[in-house]
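Visitor: So that you have it, the file is work.tsv, and it contains TSV, N, CA and C atoms:
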```tsv
chain	number	residue	atom	x	y	z
V	42	MET	N	72.48	-5.74	38.63
V	42	MET	CA	73.23	-5.19	39.75
V	42	MET	C	72.42	-5.42	41.02
V	43	GLU	N	72.93	-6.20	41.92
V	43	GLU	CA	72.23	-6.51	43.18
V	43	GLU	C	72.60	-5.47	44.23
V	44	GLU	N	71.62	-4.86	44.83
V	44	GLU	CA	71.83	-3.84	45.85
V	44	GLU	C	71.40	-4.39	47.21
V	45	LYS	N	72.20	-4.09	48.23
V	45	LYS	CA	71.92	-4.59	49.57
V	45	LYS	C	70.89	-3.74	50.30
V	46	GLN	N	70.85	-2.46	50.01
V	46	GLN	CA	69.89	-1.60	50.68
V	46	GLN	C	69.20	-0.73	49.63
V	47	PRO	N	68.01	-0.28	49.94
V	47	PRO	CA	67.29	0.57	48.99
V	47	PRO	C	68.07	1.84	48.67
V	48	ILE	N	68.05	2.23	47.42
V	48	ILE	CA	68.75	3.41	46.95
V	48	ILE	C	67.73	4.41	46.44
V	49	ILE	N	67.86	5.63	46.90
V	49	ILE	CA	67.00	6.71	46.43
V	49	ILE	C	67.83	7.58	45.50
V	50	LEU	N	67.40	7.67	44.25
V	50	LEU	CA	68.02	8.55	43.26
V	50	LEU	C	67.21	9.84	43.22
V	51	PHE	N	67.89	10.98	43.30
V	51	PHE	CA	67.20	12.27	43.37
V	51	PHE	C	67.94	13.32	42.57
V	52	ASP	N	67.25	14.41	42.28
V	52	ASP	CA	67.82	15.55	41.57
V	52	ASP	C	68.68	16.34	42.55
V	53	GLY	N	69.99	16.28	42.38
V	53	GLY	CA	70.91	16.94	43.30
V	53	GLY	C	70.88	18.45	43.24
V	54	PHE	N	70.27	19.04	42.22
V	54	PHE	CA	70.19	20.50	42.10
V	54	PHE	C	68.90	21.07	42.70
V	55	CYS	N	67.93	20.22	42.93
V	55	CYS	CA	66.60	20.65	43.37
V	55	CYS	C	66.56	20.85	44.89
V	56	ASN	N	66.15	22.04	45.32
V	56	ASN	CA	66.04	22.32	46.75
V	56	ASN	C	64.98	21.45	47.42
V	57	LEU	N	63.86	21.21	46.75
V	57	LEU	CA	62.82	20.33	47.32
V	57	LEU	C	63.38	18.92	47.50
V	58	CYS	N	64.08	18.43	46.51
V	58	CYS	CA	64.64	17.08	46.58
V	58	CYS	C	65.67	16.98	47.70
V	59	ASN	N	66.54	17.99	47.80
V	59	ASN	CA	67.54	17.98	48.85
V	59	ASN	C	66.92	18.09	50.22
V	60	GLY	N	65.86	18.88	50.35
V	60	GLY	CA	65.14	18.96	51.61
V	60	GLY	C	64.50	17.63	51.97
V	61	THR	N	64.02	16.93	50.95
V	61	THR	CA	63.43	15.61	51.18
V	61	THR	C	64.50	14.62	51.65
V	62	VAL	N	65.68	14.68	51.04
V	62	VAL	CA	66.79	13.82	51.48
V	62	VAL	C	67.12	14.11	52.93
V	63	ASP	N	67.20	15.38	53.31
V	63	ASP	CA	67.47	15.75	54.70
V	63	ASP	C	66.40	15.19	55.63
V	64	PHE	N	65.13	15.32	55.22
V	64	PHE	CA	64.02	14.80	56.00
V	64	PHE	C	64.15	13.28	56.18
V	65	LEU	N	64.44	12.59	55.08
V	65	LEU	CA	64.55	11.13	55.14
V	65	LEU	C	65.73	10.70	56.01
V	66	MET	N	66.84	11.39	55.90
V	66	MET	CA	68.00	11.04	56.73
V	66	MET	C	67.66	11.20	58.22
V	67	LYS	N	66.87	12.19	58.54
V	67	LYS	CA	66.47	12.43	59.93
V	67	LYS	C	65.46	11.38	60.42
V	68	HIS	N	64.53	10.97	59.56
V	68	HIS	CA	63.44	10.09	59.98
V	68	HIS	C	63.66	8.62	59.65
V	69	ASP	N	64.73	8.31	58.97
V	69	ASP	CA	65.06	6.91	58.66
V	69	ASP	C	65.85	6.33	59.83
V	70	LYS	N	65.12	5.97	60.87
V	70	LYS	CA	65.75	5.50	62.11
V	70	LYS	C	66.57	4.23	61.91
V	71	LYS	N	66.20	3.42	60.92
V	71	LYS	CA	66.91	2.17	60.64
V	71	LYS	C	68.12	2.37	59.74
V	72	LYS	N	68.29	3.59	59.24
V	72	LYS	CA	69.39	3.91	58.32
V	72	LYS	C	69.44	2.93	57.16
V	73	GLN	N	68.28	2.72	56.55
V	73	GLN	CA	68.16	1.71	55.51
V	73	GLN	C	68.39	2.23	54.11
V	74	PHE	N	68.34	3.55	53.90
V	74	PHE	CA	68.46	4.11	52.56
V	74	PHE	C	69.88	4.58	52.25
V	75	SER	N	70.24	4.44	50.99
V	75	SER	CA	71.41	5.11	50.42
V	75	SER	C	70.86	6.17	49.50
V	76	PHE	N	71.58	7.27	49.37
V	76	PHE	CA	71.13	8.38	48.53
V	76	PHE	C	72.18	8.65	47.46
V	77	VAL	N	71.70	8.79	46.23
V	77	VAL	CA	72.58	9.04	45.09
V	77	VAL	C	71.92	10.08	44.21
V	78	SER	N	72.65	11.15	43.90
V	78	SER	CA	72.06	12.14	43.00
V	78	SER	C	72.14	11.61	41.57
V	79	LEU	N	71.13	11.95	40.80
V	79	LEU	CA	71.08	11.53	39.40
V	79	LEU	C	72.27	12.08	38.61
V	80	GLN	N	72.80	13.24	39.03
V	80	GLN	CA	73.89	13.89	38.30
V	80	GLN	C	75.27	13.34	38.65
V	81	SER	N	75.36	12.55	39.71
V	81	SER	CA	76.67	12.04	40.14
V	81	SER	C	77.13	10.90	39.23
V	82	ASP	N	78.43	10.58	39.33
V	82	ASP	CA	78.97	9.46	38.55
V	82	ASP	C	78.24	8.16	38.89
V	83	LYS	N	78.00	7.94	40.18
V	83	LYS	CA	77.29	6.73	40.58
V	83	LYS	C	75.86	6.74	40.07
V	84	GLY	N	75.23	7.91	40.09
V	84	GLY	CA	73.88	8.04	39.55
V	84	GLY	C	73.83	7.68	38.08
V	85	LYS	N	74.84	8.12	37.33
V	85	LYS	CA	74.91	7.81	35.90
V	85	LYS	C	75.09	6.32	35.67
V	86	VAL	N	75.79	5.65	36.57
V	86	VAL	CA	75.95	4.19	36.47
V	86	VAL	C	74.59	3.52	36.65
V	87	PHE	N	73.83	3.95	37.66
V	87	PHE	CA	72.49	3.38	37.88
V	87	PHE	C	71.57	3.65	36.69
V	88	ILE	N	71.65	4.85	36.15
V	88	ILE	CA	70.83	5.20	34.98
V	88	ILE	C	71.13	4.26	33.82
V	89	ARG	N	72.41	4.00	33.61
V	89	ARG	CA	72.81	3.09	32.52
V	89	ARG	C	72.43	1.65	32.84
V	90	GLU	N	72.73	1.18	34.05
V	90	GLU	CA	72.46	-0.21	34.44
V	90	GLU	C	70.98	-0.56	34.39
V	91	TYR	N	70.15	0.38	34.85
V	91	TYR	CA	68.72	0.12	34.92
V	91	TYR	C	67.96	0.69	33.71
V	92	GLN	N	68.71	1.18	32.74
V	92	GLN	CA	68.13	1.71	31.49
V	92	GLN	C	67.05	2.75	31.77
V	93	ILE	N	67.37	3.68	32.65
V	93	ILE	CA	66.46	4.75	33.01
V	93	ILE	C	66.57	5.83	31.93
V	94	PRO	N	65.44	6.23	31.34
V	94	PRO	CA	65.48	7.27	30.30
V	94	PRO	C	66.14	8.55	30.82
V	95	SER	N	66.94	9.19	29.98
V	95	SER	CA	67.67	10.39	30.39
V	95	SER	C	66.74	11.55	30.74
V	96	HIS	N	65.53	11.56	30.22
V	96	HIS	CA	64.59	12.65	30.49
V	96	HIS	C	63.79	12.42	31.77
V	97	THR	N	64.12	11.37	32.53
V	97	THR	CA	63.38	11.06	33.76
V	97	THR	C	63.42	12.25	34.71
V	98	ASP	N	62.25	12.66	35.15
V	98	ASP	CA	62.11	13.81	36.03
V	98	ASP	C	61.38	13.35	37.29
V	99	SER	N	61.98	12.39	37.98
V	99	SER	CA	61.32	11.78	39.12
V	99	SER	C	62.33	11.31	40.14
V	100	VAL	N	61.90	11.27	41.38
V	100	VAL	CA	62.67	10.55	42.38
V	100	VAL	C	62.50	9.07	42.04
V	101	LEU	N	63.56	8.32	42.23
V	101	LEU	CA	63.51	6.89	41.95
V	101	LEU	C	63.95	6.12	43.18
V	102	LEU	N	63.32	5.01	43.41
V	102	LEU	CA	63.71	4.11	44.48
V	102	LEU	C	64.08	2.78	43.84
V	103	ILE	N	65.29	2.33	44.10
V	103	ILE	CA	65.70	0.99	43.67
V	103	ILE	C	65.70	0.12	44.92
V	104	LYS	N	64.83	-0.88	44.89
V	104	LYS	CA	64.68	-1.76	46.05
V	104	LYS	C	64.51	-3.18	45.53
V	105	SER	N	65.38	-4.06	45.95
V	105	SER	CA	65.34	-5.46	45.51
V	105	SER	C	65.32	-5.56	43.98
V	106	ASN	N	66.16	-4.76	43.35
V	106	ASN	CA	66.29	-4.73	41.89
V	106	ASN	C	65.02	-4.31	41.17
V	107	HIS	N	64.11	-3.67	41.86
V	107	HIS	CA	62.90	-3.12	41.25
V	107	HIS	C	62.98	-1.60	41.33
V	108	ILE	N	62.56	-0.92	40.27
V	108	ILE	CA	62.58	0.54	40.26
V	108	ILE	C	61.17	1.07	40.47
V	109	TYR	N	61.04	1.94	41.46
V	109	TYR	CA	59.79	2.65	41.72
V	109	TYR	C	60.02	4.09	41.30
V	110	SER	N	59.03	4.69	40.64
V	110	SER	CA	59.17	6.08	40.22
V	110	SER	C	57.90	6.86	40.57
V	111	GLU	N	58.02	8.15	40.47
V	111	GLU	CA	56.94	9.08	40.72
V	111	GLU	C	56.24	8.77	42.05
V	112	SER	N	54.91	8.75	42.06
V	112	SER	CA	54.19	8.58	43.32
V	112	SER	C	54.41	7.20	43.92
V	113	ASP	N	54.68	6.19	43.09
V	113	ASP	CA	54.98	4.86	43.64
V	113	ASP	C	56.24	4.91	44.50
V	114	ALA	N	57.25	5.67	44.06
V	114	ALA	CA	58.48	5.80	44.84
V	114	ALA	C	58.21	6.50	46.16
V	115	VAL	N	57.44	7.58	46.11
V	115	VAL	CA	57.13	8.34	47.33
V	115	VAL	C	56.39	7.47	48.34
V	116	VAL	N	55.38	6.75	47.87
V	116	VAL	CA	54.59	5.90	48.77
V	116	VAL	C	55.45	4.77	49.32
V	117	GLU	N	56.23	4.14	48.48
V	117	GLU	CA	57.08	3.01	48.94
V	117	GLU	C	58.11	3.49	49.96
V	118	ILE	N	58.71	4.64	49.71
V	118	ILE	CA	59.69	5.20	50.66
V	118	ILE	C	59.00	5.48	51.99
V	119	ALA	N	57.84	6.13	51.94
V	119	ALA	CA	57.12	6.47	53.18
V	119	ALA	C	56.76	5.23	53.98
V	120	THR	N	56.36	4.16	53.29
V	120	THR	CA	55.96	2.95	54.01
V	120	THR	C	57.13	2.28	54.72
V	121	MET	N	58.34	2.65	54.33
V	121	MET	CA	59.53	2.07	54.97
V	121	MET	C	59.95	2.86	56.21
V	122	LEU	N	59.30	3.99	56.45
V	122	LEU	CA	59.58	4.81	57.62
V	122	LEU	C	58.67	4.40	58.77
V	123	ASN	N	58.95	4.94	59.94
V	123	ASN	CA	58.11	4.67	61.10
V	123	ASN	C	56.84	5.52	61.05
V	124	PHE	N	55.90	5.20	61.94
V	124	PHE	CA	54.68	5.98	62.09
V	124	PHE	C	55.07	7.39	62.48
V	125	PRO	N	54.44	8.44	61.99
V	125	PRO	CA	53.21	8.48	61.21
V	125	PRO	C	53.44	8.42	59.69
V	126	TRP	N	54.69	8.51	59.26
V	126	TRP	CA	54.99	8.58	57.82
V	126	TRP	C	54.56	7.31	57.10
V	127	LYS	N	54.64	6.20	57.78
V	127	LYS	CA	54.24	4.91	57.21
V	127	LYS	C	52.78	4.91	56.77
V	128	SER	N	51.98	5.76	57.39
V	128	SER	CA	50.55	5.80	57.05
V	128	SER	C	50.29	6.32	55.64
V	129	ALA	N	51.33	6.80	54.97
V	129	ALA	CA	51.19	7.23	53.57
V	129	ALA	C	50.78	6.07	52.66
V	130	VAL	N	50.86	4.85	53.18
V	130	VAL	CA	50.40	3.70	52.40
V	130	VAL	C	48.94	3.89	51.98
V	131	CYS	N	48.20	4.68	52.73
V	131	CYS	CA	46.80	4.97	52.37
V	131	CYS	C	46.69	5.62	51.00
V	132	LEU	N	47.76	6.30	50.57
V	132	LEU	CA	47.74	6.93	49.24
V	132	LEU	C	47.61	5.93	48.11
V	133	LYS	N	47.96	4.67	48.38
V	133	LYS	CA	47.83	3.64	47.35
V	133	LYS	C	46.37	3.43	46.95
V	134	PHE	N	45.44	3.86	47.80
V	134	PHE	CA	44.04	3.70	47.47
V	134	PHE	C	43.58	4.72	46.41
V	135	LEU	N	44.34	5.79	46.25
V	135	LEU	CA	44.06	6.73	45.17
V	135	LEU	C	44.51	6.10	43.86
V	136	PRO	N	43.77	6.28	42.81
V	136	PRO	CA	44.22	5.74	41.52
V	136	PRO	C	45.59	6.31	41.15
V	137	LYS	N	46.44	5.45	40.62
V	137	LYS	CA	47.80	5.84	40.28
V	137	LYS	C	47.82	7.03	39.33
V	138	ILE	N	46.89	7.10	38.41
V	138	ILE	CA	46.86	8.21	37.46
V	138	ILE	C	46.68	9.55	38.18
V	139	ILE	N	45.89	9.57	39.24
V	139	ILE	CA	45.70	10.80	40.02
V	139	ILE	C	46.95	11.13	40.82
V	140	ARG	N	47.49	10.11	41.51
V	140	ARG	CA	48.71	10.32	42.29
V	140	ARG	C	49.83	10.87	41.40
V	141	ASN	N	50.00	10.28	40.22
V	141	ASN	CA	51.09	10.70	39.34
V	141	ASN	C	50.84	12.09	38.74
V	142	ARG	N	49.61	12.45	38.50
V	142	ARG	CA	49.33	13.81	38.01
V	142	ARG	C	49.74	14.84	39.06
V	143	ILE	N	49.42	14.56	40.31
V	143	ILE	CA	49.82	15.47	41.39
V	143	ILE	C	51.34	15.50	41.49
V	144	TYR	N	51.96	14.33	41.45
V	144	TYR	CA	53.42	14.26	41.51
V	144	TYR	C	54.05	15.07	40.38
V	145	ARG	N	53.58	14.89	39.15
V	145	ARG	CA	54.15	15.58	37.99
V	145	ARG	C	53.94	17.10	38.07
V	146	PHE	N	52.80	17.52	38.62
V	146	PHE	CA	52.54	18.95	38.79
V	146	PHE	C	53.57	19.57	39.73
V	147	VAL	N	53.83	18.91	40.85
V	147	VAL	CA	54.83	19.40	41.80
V	147	VAL	C	56.21	19.35	41.17
V	148	ALA	N	56.55	18.25	40.50
V	148	ALA	CA	57.86	18.09	39.87
V	148	ALA	C	58.09	19.18	38.82
V	149	LYS	N	57.08	19.49	38.05
V	149	LYS	CA	57.19	20.49	36.99
V	149	LYS	C	57.46	21.89	37.57
V	150	ASN	N	56.95	22.15	38.75
V	150	ASN	CA	57.05	23.48	39.35
V	150	ASN	C	58.08	23.58	40.48
V	151	ARG	N	58.79	22.51	40.74
V	151	ARG	CA	59.66	22.49	41.93
V	151	ARG	C	60.75	23.55	41.91
V	152	TYR	N	61.37	23.82	40.80
V	152	TYR	CA	62.42	24.86	40.76
V	152	TYR	C	61.83	26.24	41.00
V	153	ARG	N	60.66	26.49	40.43
V	153	ARG	CA	60.02	27.80	40.58
V	153	ARG	C	59.59	28.01	42.03
V	154	TRP	N	59.02	26.96	42.65
V	154	TRP	CA	58.51	27.09	44.02
V	154	TRP	C	59.60	26.99	45.09
V	155	PHE	N	60.58	26.12	44.89
V	155	PHE	CA	61.56	25.84	45.95
V	155	PHE	C	62.98	26.27	45.60
V	156	GLY	N	63.23	26.61	44.34
V	156	GLY	CA	64.55	27.05	43.93
V	156	GLY	C	65.44	25.91	43.49
V	157	LYS	N	66.61	26.33	43.02
V	157	LYS	CA	67.57	25.38	42.46
V	157	LYS	C	68.95	25.74	42.98
V	158	ARG	N	69.73	24.74	43.31
V	158	ARG	CA	71.10	24.94	43.78
V	158	ARG	C	72.02	25.20	42.59
V	159	GLU	N	73.11	25.89	42.86
V	159	GLU	CA	74.11	26.13	41.82
V	159	GLU	C	74.92	24.87	41.51
V	160	SER	N	75.05	24.03	42.55
V	160	SER	CA	75.81	22.78	42.36
V	160	SER	C	75.13	21.67	43.13
V	161	CYS	N	75.42	20.47	42.71
V	161	CYS	CA	74.84	19.30	43.34
V	161	CYS	C	75.45	19.10	44.73
V	162	ARG	N	74.66	18.68	45.68
V	162	ARG	CA	75.16	18.50	47.06
V	162	ARG	C	76.19	17.39	47.16
V	163	ILE	N	76.19	16.47	46.20
V	163	ILE	CA	77.15	15.38	46.23
V	163	ILE	C	78.21	15.71	45.24
```
Would you mind writing the file out in structure tokens?
Guide:
Amino acid sequence: MEEKQPIILFDGFCNLCNGTVDFLMKHDKKKQFSFVSLQSDKGKVFIREYQIPSHTDSVLLIKSNHIYSESDAVVEIATMLNFPWKSAVCLKFLPKIIRNRIYRFVAKNRYRWFGKRESCRI
């Protein structure tokens, strides 16, 4: 499946994820991203097309038919924004295992810390 613009797949029930989508929509001056919740019909199509495991607990970026997940997705998304957010590319200097441990810790606790919506925003 060829995509014309980068697609961000996110947890539509997660308040942190939805807040991040709002942040990205505000700071994506080029309007380059599309947003799709993992729970939506379109999200399920991407999950099937890209053979994404159903237990995936990560934001995903599909860009040029490549899937970025966990901290790689966060860093890649940030680098596509304007300064100062673009400076997150410096995080690539941290070993991926450390970046992903931090990412997984936040992901594991996101509902407890930020809450959960009753329904998906999409």
Visitor: Point out the residue among V:Gln80, V:Leu135, V:Trp126, V:Lys71 with the least atom-to-atom distance to Asp98 of chain V, counting only C-alpha atoms.
Guide: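 So, comparing all the options, the nearest one is V:Gln80.
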Visitor: Compile the contact shell of Lys127 of chain V as a list in words: residues with an atom at most 12 Å away, counting only C-alpha atoms, same-chain residues fewer than 4 positions apart removed.
Guide: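 Selected residues are His68, Asp69, Val115, Val116, Glu117, Ile118, Ala119, Thr120, Met121, Leu122, Asn123, Cys131, Leu132 and Lys133 of chain V.
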Visitor: Which one of V:Gly60, V:Lys70, V:Glu111, V:Ser128 sits closest to Arg142 of chain V if you count only C-alpha atoms?
Guide: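 Under the stated criterion, the closest residue is V:Glu111.
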Visitor: Please identify which residues in segment 77-107 of chain V DSSP calls strand (DSSP E or B) from the backbone, and express them as a list of chain:residue names.
Guide: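 Here are the strand (DSSP E or B) residues of segment 77-107 of chain V: V:Val77, V:Ser78, V:Leu101, V:Leu102, V:Ile103, V:Lys104, V:His107.
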Visitor: Print the selection's residues with N, CA and C atoms to a file, as a short mmCIF file (atom, residue, chain, number, x, y, z; two decimals), keeping the file's coordinate frame.
Guide:
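The resulting again13.cif:
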```cif
data_model
loop_
_atom_site.label_atom_id
_atom_site.label_comp_id
_atom_site.auth_asym_id
_atom_site.auth_seq_id
_atom_site.Cartn_x
_atom_site.Cartn_y
_atom_site.Cartn_z
N VAL V 77 71.70 8.79 46.23
CA VAL V 77 72.58 9.04 45.09
C VAL V 77 71.92 10.08 44.21
N SER V 78 72.65 11.15 43.90
CA SER V 78 72.06 12.14 43.00
C SER V 78 72.14 11.61 41.57
N LEU V 101 63.56 8.32 42.23
CA LEU V 101 63.51 6.89 41.95
C LEU V 101 63.95 6.12 43.18
N LEU V 102 63.32 5.01 43.41
CA LEU V 102 63.71 4.11 44.48
C LEU V 102 64.08 2.78 43.84
N ILE V 103 65.29 2.33 44.10
CA ILE V 103 65.70 0.99 43.67
C ILE V 103 65.70 0.12 44.92
N LYS V 104 64.83 -0.88 44.89
CA LYS V 104 64.68 -1.76 46.05
C LYS V 104 64.51 -3.18 45.53
N HIS V 107 64.11 -3.67 41.86
CA HIS V 107 62.90 -3.12 41.25
C HIS V 107 62.98 -1.60 41.33
#
```
Visitor: Can you tell me which residues surround Ile108 of chain V at a distance of at most 10 Å, considering only C-alpha atoms, apart from same-chain residues fewer than 6 positions away, and format the answer as a VMD selection string?
Guide: chain V and resid 47 to 49 91 93 101 to 102 114
Visitor: If you run DSSP over the backbone, which residues in chain V end up helix (DSSP H, G or I)? Put them as JSON, numbers by chain.
Guide: {"V": [56, 57, 58, 59, 60, 61, 62, 63, 64, 65, 66, 67, 68, 82, 83, 84, 85, 86, 87, 88, 89, 90, 111, 112, 113, 114, 115, 116, 117, 118, 119, 120, 126, 127, 128, 129, 130, 131, 132, 133, 134, 137, 138, 139, 140, 141, 142, 143, 144, 145, 146, 147, 148, 149, 150, 151, 152, 153, 154, 155]}
Visitor: Kindly give the distance, in Å, that separates atom CA of Gly84 of chain V and atom CA of Leu50 of chain V, rounded to a single decimal.
Guide: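 Pair atom CA of Gly84 of chain V / atom CA of Leu50 of chain V returns 7.0 Å.
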Visitor: Return as AutoDock Vina command-line options the centre and edge lengths, in Å with one decimal, of the box along x, y and z that encloses every atom of segment 58-68 of chain V in the file, padded by 5 Å per side.
Guide:
```
--center_x 65.7 --center_y 13.8 --center_z 53.5 --size_x 14.6 --size_y 20.3 --size_z 23.9
```
Visitor: My list of candidates is V:Trp154, V:Phe51, V:Phe146, V:Phe74. Which is closest to Lys104 of chain V when distances are computed with only C-alpha atoms?
Guide: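 Smallest separation from Lys104 of chain V among the options: V:Phe74.
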